[in-house]
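Colleague: If it helps, the file is called structure_24.cif and holds mmCIF, C-alpha atoms and all ligand atoms:
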```cif
data_query
loop_
_atom_site.label_atom_id
_atom_site.label_comp_id
_atom_site.auth_asym_id
_atom_site.auth_seq_id
_atom_site.Cartn_x
_atom_site.Cartn_y
_atom_site.Cartn_z
CA MET A 200 -235.00 4.17 79.46
CA ASN A 201 -231.45 5.37 78.94
CA LYS A 202 -229.26 4.11 81.75
CA ASN A 203 -226.57 6.71 81.25
CA ILE A 204 -228.73 9.66 82.17
CA THR A 205 -227.76 11.32 85.43
CA LEU A 206 -228.61 14.50 87.28
CA PHE A 207 -226.77 17.68 86.27
CA ASN A 208 -224.24 19.47 88.47
CA ASP A 209 -225.38 22.94 87.57
CA ILE A 210 -228.31 24.85 86.10
CA GLN A 211 -228.35 26.46 82.68
CA ILE A 212 -230.84 28.65 80.85
CA LEU A 213 -231.24 26.53 77.72
CA PRO A 214 -233.00 23.16 78.07
CA ARG A 215 -230.89 20.00 77.92
CA GLY A 216 -233.61 17.40 77.52
CA VAL A 217 -233.49 15.45 80.77
CA TYR A 218 -236.69 14.72 82.69
CA LEU A 219 -236.98 13.58 86.28
CA GLN A 220 -240.48 12.24 86.93
CA ILE A 221 -241.54 11.79 90.52
CA GLY A 222 -244.60 9.65 91.20
CA PHE A 223 -246.62 10.15 94.36
CA ILE A 224 -249.90 9.29 96.04
CA LEU A 225 -251.80 12.07 97.77
CA LYS A 226 -254.32 10.76 100.28
CA THR A 227 -256.98 12.98 101.81
CA LEU A 228 -257.14 12.59 105.60
CA ASP A 229 -260.00 15.02 105.89
CA PRO A 230 -262.79 16.21 103.60
CA THR A 231 -261.05 18.35 101.00
CA ILE A 232 -262.52 21.21 99.04
CA ILE A 233 -261.24 21.19 95.48
CA ARG A 234 -263.30 23.92 93.89
CA SER A 235 -263.94 24.66 90.28
CA ASN A 236 -265.52 27.94 89.33
CA GLU A 237 -268.77 26.94 90.98
CA PRO A 238 -268.34 27.22 94.75
CA GLU A 239 -270.72 24.43 95.75
CA GLU A 240 -269.25 21.72 93.65
CA VAL A 241 -266.56 19.09 93.84
CA LEU A 242 -264.17 18.69 90.97
CA THR A 243 -264.78 15.45 89.19
CA TYR A 244 -264.23 14.48 85.62
CA LYS A 245 -265.91 11.80 83.58
CA TYR A 246 -263.26 10.06 81.51
CA GLN A 247 -264.39 7.73 78.78
CA GLU A 248 -262.13 4.93 79.87
CA LEU A 249 -261.41 5.71 83.51
CA GLY A 250 -265.00 6.49 84.49
CA ASN A 251 -265.93 9.25 86.90
CA ARG A 252 -262.92 10.38 88.97
CA PHE A 253 -262.06 13.06 91.46
CA ILE A 254 -259.37 15.32 90.05
CA ILE A 255 -256.99 17.96 91.38
CA PRO A 256 -255.99 20.36 88.60
CA TRP A 257 -252.25 20.88 88.32
CA ARG A 258 -252.48 24.65 88.77
CA LYS A 259 -253.96 24.12 92.26
CA PHE A 260 -251.23 21.72 93.26
CA LYS A 261 -248.48 23.79 91.70
CA GLY A 262 -249.70 26.91 93.50
CA LYS A 263 -249.56 25.09 96.81
CA LEU A 264 -246.10 23.70 96.13
CA ARG A 265 -244.71 27.04 95.01
CA ARG A 266 -245.98 28.76 98.15
CA LEU A 267 -244.27 26.10 100.27
CA VAL A 268 -240.97 26.53 98.42
CA MET A 269 -241.21 30.30 98.78
CA GLU A 270 -241.89 30.20 102.52
CA GLN A 271 -239.01 27.79 102.98
CA GLN A 272 -236.51 29.94 101.10
CA ARG A 273 -237.66 33.06 102.99
CA ASN A 274 -236.92 31.20 106.19
CA PHE A 275 -233.40 30.61 104.86
CA GLY A 276 -233.04 34.34 104.15
CA ILE A 277 -233.13 34.04 100.35
CA SER A 278 -235.24 36.50 98.32
CA THR A 279 -237.42 37.23 101.33
CA GLN A 280 -239.50 39.79 99.40
CA CYS A 281 -240.33 37.51 96.47
CA ALA A 282 -244.09 36.93 96.57
CA LEU A 283 -246.94 35.72 94.38
CA LYS A 284 -248.17 36.92 92.11
CA ASP A 285 -247.17 40.45 91.23
CA ASN A 286 -244.03 40.62 93.30
CA LEU A 287 -241.95 37.84 91.83
CA CYS A 288 -238.25 38.71 91.99
CA MET A 289 -237.36 36.59 88.92
CA LYS A 290 -233.98 35.65 90.37
CA CYS A 291 -234.52 33.23 93.24
CA PRO A 292 -234.67 29.41 93.34
CA ALA A 293 -238.50 29.47 93.53
CA CYS A 294 -238.80 31.71 90.45
CA PHE A 295 -236.27 29.57 88.64
CA LEU A 296 -238.20 26.38 89.46
CA PHE A 297 -241.74 27.58 88.87
CA GLY A 298 -241.20 30.34 86.34
CA GLY A 299 -242.53 33.82 85.79
CA THR A 300 -242.74 36.42 83.10
CA GLY A 301 -240.64 39.56 83.23
CA GLU A 302 -243.39 41.87 82.11
CA THR A 303 -246.05 41.06 84.71
CA SER A 304 -243.75 41.14 87.65
CA LYS A 305 -242.67 44.26 89.50
CA ALA A 306 -239.10 43.09 89.09
CA GLY A 307 -239.16 44.85 85.72
CA VAL A 308 -236.76 42.42 84.07
CA SER A 309 -236.63 41.80 80.37
CA TYR A 310 -236.53 38.01 80.39
CA ASN A 311 -238.99 35.22 81.05
CA LEU A 312 -238.38 32.16 83.15
CA LEU A 313 -240.20 29.08 81.94
CA SER A 314 -241.29 26.72 84.68
CA ARG A 315 -238.85 23.82 85.13
CA VAL A 316 -241.56 21.99 87.00
CA LEU A 317 -244.10 20.34 84.72
CA GLY A 318 -247.27 18.87 86.06
CA GLU A 319 -250.48 17.16 85.15
CA THR A 320 -253.91 16.60 86.62
CA LEU A 321 -253.96 14.40 89.72
CA ILE A 322 -256.57 11.65 89.29
CA SER A 323 -258.22 9.60 92.04
CA THR A 324 -257.20 5.95 92.01
CA THR A 325 -260.81 4.88 92.55
CA GLU A 326 -264.03 5.98 90.87
CA VAL A 327 -266.29 8.49 92.57
CA LYS A 328 -268.77 6.83 94.95
CA ASP A 329 -269.65 9.36 97.61
CA ILE A 330 -269.26 13.08 97.85
CA PHE A 331 -268.92 14.63 101.27
CA THR A 332 -271.52 17.26 102.17
CA TYR A 333 -271.66 19.24 105.36
CA THR A 334 -274.29 21.77 106.27
CA ALA A 335 -273.41 24.34 108.87
CA ASN A 336 -276.11 26.00 110.94
CA ALA A 337 -275.95 29.19 112.92
CA VAL A 338 -276.92 28.75 116.56
CA ASP A 339 -279.06 31.49 118.08
CA GLU A 340 -277.16 32.82 121.08
CA LYS A 341 -280.30 33.42 123.13
CA ASP A 342 -282.30 30.23 122.78
CA TYR A 343 -279.65 27.90 121.35
CA THR A 344 -281.84 26.85 118.46
CA THR A 345 -280.48 26.48 115.01
CA GLY A 346 -281.99 28.60 112.33
CA GLN A 347 -281.74 28.20 108.62
CA ALA A 348 -278.73 26.56 107.06
CA LEU A 349 -275.86 28.96 106.59
CA ILE A 350 -273.76 27.16 104.10
CA THR A 351 -273.38 23.72 102.62
CA THR A 352 -269.84 22.53 102.05
CA VAL A 353 -269.26 20.00 99.33
CA ALA A 354 -265.96 18.18 99.43
CA VAL A 355 -263.88 15.20 98.36
CA PRO A 356 -264.28 12.67 101.20
CA ALA A 357 -261.44 11.62 103.47
CA GLU A 358 -259.29 8.62 102.47
CA ILE A 359 -259.42 9.24 98.75
CA GLU A 360 -256.10 8.59 97.05
CA PHE A 361 -254.87 10.57 94.06
CA LEU A 362 -252.03 9.60 91.79
CA GLY A 363 -249.74 12.46 90.83
CA ILE A 364 -246.65 12.80 88.68
CA ILE A 365 -244.44 15.85 88.83
CA THR A 366 -241.70 16.34 86.27
CA LEU A 367 -238.52 18.37 86.78
CA LYS A 368 -236.75 19.43 83.61
CA ASP A 369 -232.96 19.33 83.59
CA PRO A 370 -232.72 18.30 87.24
CA THR A 371 -229.75 18.96 89.50
CA LYS A 372 -229.43 17.31 92.90
CA ASP A 373 -230.20 20.59 94.62
CA LEU A 374 -233.36 21.29 92.58
CA ALA A 375 -234.60 17.72 93.00
CA ALA A 376 -233.96 17.82 96.75
CA ILE A 377 -235.90 21.09 97.13
CA LEU A 378 -238.81 19.68 95.15
CA ILE A 379 -238.98 16.40 97.03
CA ASP A 380 -238.61 18.01 100.43
CA ASN A 381 -241.51 20.32 99.63
CA LEU A 382 -243.62 17.54 98.16
CA ASN A 383 -243.33 15.96 101.60
CA ARG A 384 -244.33 19.28 103.17
CA VAL A 385 -247.73 19.27 101.44
CA LYS A 386 -249.97 18.56 104.43
CA ARG A 387 -253.08 20.43 103.37
CA ILE A 388 -254.66 21.01 99.98
CA GLY A 389 -257.68 22.80 98.55
CA ALA A 390 -259.79 25.64 99.91
CA SER A 391 -260.57 26.45 103.57
CA THR A 392 -257.39 24.76 104.74
CA ARG A 393 -257.64 26.25 108.20
CA GLU A 394 -260.22 23.58 109.01
CA TRP A 395 -260.25 21.21 106.05
CA GLY A 396 -257.97 19.52 103.60
CA ARG A 397 -255.43 17.61 105.66
CA CYS A 398 -253.61 15.18 103.41
CA GLU A 399 -250.50 13.05 103.24
CA VAL A 400 -248.11 12.59 100.36
CA ASN A 401 -246.37 9.31 99.80
CA ILE A 402 -243.58 9.38 97.22
CA LEU A 403 -243.54 6.29 95.02
CA GLY A 404 -240.16 6.94 93.39
CA TYR A 405 -238.66 8.39 90.26
CA ILE A 406 -237.98 7.83 86.57
CA LEU A 407 -235.05 9.63 84.93
CA SER A 408 -235.24 9.79 81.14
CA ASP A 409 -234.75 11.85 78.00
CA ARG A 410 -238.54 12.14 77.75
CA GLU A 411 -241.63 12.04 79.91
CA ASP A 412 -242.07 8.29 80.08
CA VAL A 413 -245.23 7.99 82.15
CA ALA A 414 -248.47 9.91 82.65
CA VAL A 415 -251.03 9.74 85.45
CA TYR A 416 -253.82 8.86 83.01
CA GLU A 417 -251.77 6.06 81.51
CA LEU A 418 -250.95 4.46 84.85
CA ILE A 419 -254.53 4.59 86.11
CA GLU A 420 -255.69 3.10 82.82
CA LYS A 421 -253.14 0.34 83.27
CA THR A 422 -254.54 -0.57 86.68
CA ILE A 423 -257.97 -0.99 85.10
CA LYS A 424 -256.98 -2.87 81.95
CA GLU A 425 -254.47 -5.22 83.47
CA LYS A 426 -256.35 -5.42 86.76
CA ASN A 427 -253.11 -4.36 88.34
CA LYS A 428 -253.04 -3.57 91.95
CA GLU A 429 -252.05 -0.06 92.83
CA SER A 430 -248.93 -1.38 94.51
CA GLU A 431 -247.71 -2.47 91.10
CA ILE A 432 -247.57 1.13 89.95
CA ARG A 433 -244.80 1.46 92.50
CA THR A 434 -242.62 -1.02 90.66
CA LEU A 435 -242.41 1.35 87.68
CA PHE A 436 -240.51 3.86 89.79
CA LYS A 437 -237.02 3.63 91.26
CA ASN A 438 -236.42 4.26 94.91
CA ILE A 439 -235.76 7.96 95.59
CA GLU A 440 -232.89 7.06 97.90
CA SER A 441 -230.81 5.85 94.99
CA LEU A 442 -230.59 9.46 93.74
CA ARG A 443 -228.59 10.31 96.90
CA LEU A 444 -230.10 13.74 97.21
CA PRO A 445 -228.81 16.17 99.85
CA LEU A 446 -232.17 16.10 101.65
CA LYS A 447 -230.53 16.67 105.03
CA ASP A 448 -229.26 20.11 104.07
CA ILE A 449 -231.98 21.86 102.09
CA LYS A 450 -230.71 25.29 103.11
CA ASN A 451 -227.46 24.61 101.30
CA CYS A 452 -229.43 23.49 98.19
CA TYR A 453 -231.08 26.91 98.03
CA LYS A 454 -227.72 28.64 98.50
CA ASN A 455 -226.13 26.64 95.69
CA ILE A 456 -228.99 27.34 93.28
CA ASN A 457 -229.07 30.97 94.27
CA SER A 458 -225.39 31.51 93.46
CA GLN A 459 -225.73 29.60 90.19
CA ILE A 460 -228.63 31.86 89.19
CA GLU A 461 -226.59 34.95 90.01
CA LYS A 462 -223.88 33.71 87.68
CA ILE A 463 -226.38 33.02 84.87
CA LEU A 464 -228.06 36.41 85.21
CA LYS A 465 -224.69 38.13 85.08
CA GLU A 466 -223.97 36.31 81.83
CA ILE A 467 -227.34 37.34 80.37
CA LYS A 468 -226.71 40.94 81.38
CA ASN A 469 -223.28 40.95 79.75
CA GLU A 470 -224.75 39.57 76.52
CA HIS A 471 -227.19 42.45 76.34
CA THR A 472 -224.73 45.27 77.03
ZN ZN B 1 -238.38 34.97 93.17
#
```
Could the structure of this file be written out as structure tokens, please?
Modeller:
Amino acid sequence: MNKNITLFNDIQILPRGVYLQIGFILKTLDPTIIRSNEPEEVLTYKYQELGNRFIIPWRKFKGKLRRLVMEQQRNFGISTQCALKDNLCMKCPACFLFGGTGETSKAGVSYNLLSRVLGETLISTTEVKDIFTYTANAVDEKDYTTGQALITTVAVPAEIEFLGIITLKDPTKDLAAILIDNLNRVKRIGASTREWGRCEVNILGYILSDREDVAVYELIEKTIKEKNKESEIRTLFKNIESLRLPLKDIKNCYKNINSQIEKILKEIKNEHT
């Protein structure tokens, strides 16, 4: 790890090769429905070396995170009309972080924004033992008897822990603060989150490097091979506090990013005219 790498002061369009990796544990507090294409199924994956594990695909987690960032920035009065997935404005902090393509959005812009947030599959820290199933019955309003089963819900049980790593390319303090604040705002995940899917996120720390140094798979494999306790994964990450992020004033982070984007877009426009 290169010790001289620090966070940037501003954002730029072209990549500069710095990666901030944030490790976290997501623990289900409630049965959680992580659906694949089949509705009555829980997402598990049989790895050759890790065994059978619950997984949360990155696209599901990213979607959740992006929605949280977007609702937060709307609350701060920034790009209040920017919305997934056909109404992306292509010029707000959320679009800059999570990306979008000019052609598919109603913004009608001629550039693409690549996601600055890179992710990977979240993998459960323990092998699959039980799967939660719940069968709901309809109660007859006249005689209070239950008829045939209405629906069976299949879910990841409560108290399952997932390891996740989220990577921010070319991080600035403002971007990192927005990401971490919203990582801590993930309180529900999966489908049917009105009644299911409560979870808590516990940030392990960060690694700042000129490459992606660690992967979820790798760290879980390490705990098996070296019989490491999960707590030892923590020691690979540095304490988030040492980044001195402006977490107390997230609104200002959005404002800073927003004005930096305006400047960049003006430059792009000038180049094309
Ligand atoms: Zn936007």
Colleague: Write out as a ChimeraX atom specification each polymer residue (protein, DNA or RNA) that has an atom no more than 12 Å from ligand ZN 1 (chain B), with all atoms listed in the file counted.
Modeller: /A:265-266,268-270,272-273,277-301,304-306,308,312,453,457,460
Colleague: Only C-alpha atoms, please: the residues just picked out, written as a PDB file, in the coordinates of the input.
Modeller:
```pdb
ATOM      1  CA  ARG A 265    -244.710  27.040  95.010  1.00  0.00           C
ATOM      2  CA  ARG A 266    -245.980  28.760  98.150  1.00  0.00           C
ATOM      3  CA  VAL A 268    -240.970  26.530  98.420  1.00  0.00           C
ATOM      4  CA  MET A 269    -241.210  30.300  98.780  1.00  0.00           C
ATOM      5  CA  GLU A 270    -241.890  30.200 102.520  1.00  0.00           C
ATOM      6  CA  GLN A 272    -236.510  29.940 101.100  1.00  0.00           C
ATOM      7  CA  ARG A 273    -237.660  33.060 102.990  1.00  0.00           C
ATOM      8  CA  ILE A 277    -233.130  34.040 100.350  1.00  0.00           C
ATOM      9  CA  SER A 278    -235.240  36.500  98.320  1.00  0.00           C
ATOM     10  CA  THR A 279    -237.420  37.230 101.330  1.00  0.00           C
ATOM     11  CA  GLN A 280    -239.500  39.790  99.400  1.00  0.00           C
ATOM     12  CA  CYS A 281    -240.330  37.510  96.470  1.00  0.00           C
ATOM     13  CA  ALA A 282    -244.090  36.930  96.570  1.00  0.00           C
ATOM     14  CA  LEU A 283    -246.940  35.720  94.380  1.00  0.00           C
ATOM     15  CA  LYS A 284    -248.170  36.920  92.110  1.00  0.00           C
ATOM     16  CA  ASP A 285    -247.170  40.450  91.230  1.00  0.00           C
ATOM     17  CA  ASN A 286    -244.030  40.620  93.300  1.00  0.00           C
ATOM     18  CA  LEU A 287    -241.950  37.840  91.830  1.00  0.00           C
ATOM     19  CA  CYS A 288    -238.250  38.710  91.990  1.00  0.00           C
ATOM     20  CA  MET A 289    -237.360  36.590  88.920  1.00  0.00           C
ATOM     21  CA  LYS A 290    -233.980  35.650  90.370  1.00  0.00           C
ATOM     22  CA  CYS A 291    -234.520  33.230  93.240  1.00  0.00           C
ATOM     23  CA  PRO A 292    -234.670  29.410  93.340  1.00  0.00           C
ATOM     24  CA  ALA A 293    -238.500  29.470  93.530  1.00  0.00           C
ATOM     25  CA  CYS A 294    -238.800  31.710  90.450  1.00  0.00           C
ATOM     26  CA  PHE A 295    -236.270  29.570  88.640  1.00  0.00           C
ATOM     27  CA  LEU A 296    -238.200  26.380  89.460  1.00  0.00           C
ATOM     28  CA  PHE A 297    -241.740  27.580  88.870  1.00  0.00           C
ATOM     29  CA  GLY A 298    -241.200  30.340  86.340  1.00  0.00           C
ATOM     30  CA  GLY A 299    -242.530  33.820  85.790  1.00  0.00           C
ATOM     31  CA  THR A 300    -242.740  36.420  83.100  1.00  0.00           C
ATOM     32  CA  GLY A 301    -240.640  39.560  83.230  1.00  0.00           C
ATOM     33  CA  SER A 304    -243.750  41.140  87.650  1.00  0.00           C
ATOM     34  CA  LYS A 305    -242.670  44.260  89.500  1.00  0.00           C
ATOM     35  CA  ALA A 306    -239.100  43.090  89.090  1.00  0.00           C
ATOM     36  CA  VAL A 308    -236.760  42.420  84.070  1.00  0.00           C
ATOM     37  CA  LEU A 312    -238.380  32.160  83.150  1.00  0.00           C
ATOM     38  CA  TYR A 453    -231.080  26.910  98.030  1.00  0.00           C
ATOM     39  CA  ASN A 457    -229.070  30.970  94.270  1.00  0.00           C
ATOM     40  CA  ILE A 460    -228.630  31.860  89.190  1.00  0.00           C
TER      41      ILE A 460
END
```
Colleague: State, in Å with one decimal place, the distance from CA of Val217 (chain A) to CA of Asn438 (chain A).
Modeller: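 Separating CA of Val217 (chain A) from CA of Asn438 (chain A) is a distance of 18.3 Å.
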Colleague: To box region 387-402 of chain A, take all atoms listed in the file, fit an axis-aligned box, add 8 Å on each side, and give centre and edge lengths in Å to one decimal, as JSON.
Modeller:
```
{"center_x": -252.1, "center_y": 17.9, "center_z": 103.1, "size_x": 33.0, "size_y": 33.1, "size_z": 27.8}
```
Colleague: Here is a test: counting only C-alpha atoms, which residue of A:Tyr333, A:Trp395, A:Tyr405, A:Phe275 is nearest to Asn451 (chain A)?
Modeller: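 Among the listed residues, A:Phe275 lies closest to Asn451 (chain A).
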Colleague: Do you have the CA of Gln271 (chain A)-CA of Lys372 (chain A) distance handy?
Modeller: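 Atom-to-atom, CA of Gln271 (chain A) to CA of Lys372 (chain A), that is 17.4 Å.
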Colleague: Skip Glu248 (chain A) itself and residues of its chain fewer than 2 positions away, then list as a PyMOL selection string all residues within 10 Å of it, counting only C-alpha atoms.
Modeller: chain A and resi 245-246+250-251+416+419-420+423-424
Colleague: So which residues fall inside 12 Å of (-240.5, 18.7, 95.9) if we count all atoms listed in the file? Mind giving them as a JSON list (two decimals) with C-alpha atoms, in the coordinates of the input?
Modeller:
```json
[["chain", "number", "residue", "atom", "x", "y", "z"],
["A", 219, "LEU", "CA", -236.98, 13.58, 86.28],
["A", 220, "GLN", "CA", -240.48, 12.24, 86.93],
["A", 221, "ILE", "CA", -241.54, 11.79, 90.52],
["A", 222, "GLY", "CA", -244.60, 9.65, 91.20],
["A", 223, "PHE", "CA", -246.62, 10.15, 94.36],
["A", 260, "PHE", "CA", -251.23, 21.72, 93.26],
["A", 261, "LYS", "CA", -248.48, 23.79, 91.70],
["A", 263, "LYS", "CA", -249.56, 25.09, 96.81],
["A", 264, "LEU", "CA", -246.10, 23.70, 96.13],
["A", 265, "ARG", "CA", -244.71, 27.04, 95.01],
["A", 266, "ARG", "CA", -245.98, 28.76, 98.15],
["A", 267, "LEU", "CA", -244.27, 26.10, 100.27],
["A", 268, "VAL", "CA", -240.97, 26.53, 98.42],
["A", 269, "MET", "CA", -241.21, 30.30, 98.78],
["A", 271, "GLN", "CA", -239.01, 27.79, 102.98],
["A", 293, "ALA", "CA", -238.50, 29.47, 93.53],
["A", 296, "LEU", "CA", -238.20, 26.38, 89.46],
["A", 297, "PHE", "CA", -241.74, 27.58, 88.87],
["A", 316, "VAL", "CA", -241.56, 21.99, 87.00],
["A", 317, "LEU", "CA", -244.10, 20.34, 84.72],
["A", 318, "GLY", "CA", -247.27, 18.87, 86.06],
["A", 364, "ILE", "CA", -246.65, 12.80, 88.68],
["A", 365, "ILE", "CA", -244.44, 15.85, 88.83],
["A", 366, "THR", "CA", -241.70, 16.34, 86.27],
["A", 367, "LEU", "CA", -238.52, 18.37, 86.78],
["A", 370, "PRO", "CA", -232.72, 18.30, 87.24],
["A", 372, "LYS", "CA", -229.43, 17.31, 92.90],
["A", 373, "ASP", "CA", -230.20, 20.59, 94.62],
["A", 374, "LEU", "CA", -233.36, 21.29, 92.58],
["A", 375, "ALA", "CA", -234.60, 17.72, 93.00],
["A", 376, "ALA", "CA", -233.96, 17.82, 96.75],
["A", 377, "ILE", "CA", -235.90, 21.09, 97.13],
["A", 378, "LEU", "CA", -238.81, 19.68, 95.15],
["A", 379, "ILE", "CA", -238.98, 16.40, 97.03],
["A", 380, "ASP", "CA", -238.61, 18.01, 100.43],
["A", 381, "ASN", "CA", -241.51, 20.32, 99.63],
["A", 382, "LEU", "CA", -243.62, 17.54, 98.16],
["A", 383, "ASN", "CA", -243.33, 15.96, 101.60],
["A", 384, "ARG", "CA", -244.33, 19.28, 103.17],
["A", 385, "VAL", "CA", -247.73, 19.27, 101.44],
["A", 400, "VAL", "CA", -248.11, 12.59, 100.36],
["A", 401, "ASN", "CA", -246.37, 9.31, 99.80],
["A", 402, "ILE", "CA", -243.58, 9.38, 97.22],
["A", 405, "TYR", "CA", -238.66, 8.39, 90.26],
["A", 439, "ILE", "CA", -235.76, 7.96, 95.59],
["A", 444, "LEU", "CA", -230.10, 13.74, 97.21],
["A", 446, "LEU", "CA", -232.17, 16.10, 101.65],
["A", 449, "ILE", "CA", -231.98, 21.86, 102.09]]
```
Colleague: What does the distance between CA of Phe207 (chain A) and CA of Thr371 (chain A) come to in Å, to one decimal place?
Modeller: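 Pair CA of Phe207 (chain A) / CA of Thr371 (chain A) returns 4.6 Å.
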Colleague: Go through A:Val241, A:Ile204, A:Ile232, A:Val327 and flag the residue nearest Ile359 (chain A), using only C-alpha atoms for the distances.
Modeller: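 The answer is A:Val327, which sits nearest to Ile359 (chain A).
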Colleague: Can you list, as number ranges by chain, every protein, DNA or RNA residue that comes within 12 Å of Val355 (chain A) when you count all atoms listed in the file, leaving out same-chain residues fewer than 5 positions away?
Modeller: A: 226-234, 239-243, 252-255, 323, 326-333, 360-361, 388-390, 395-398
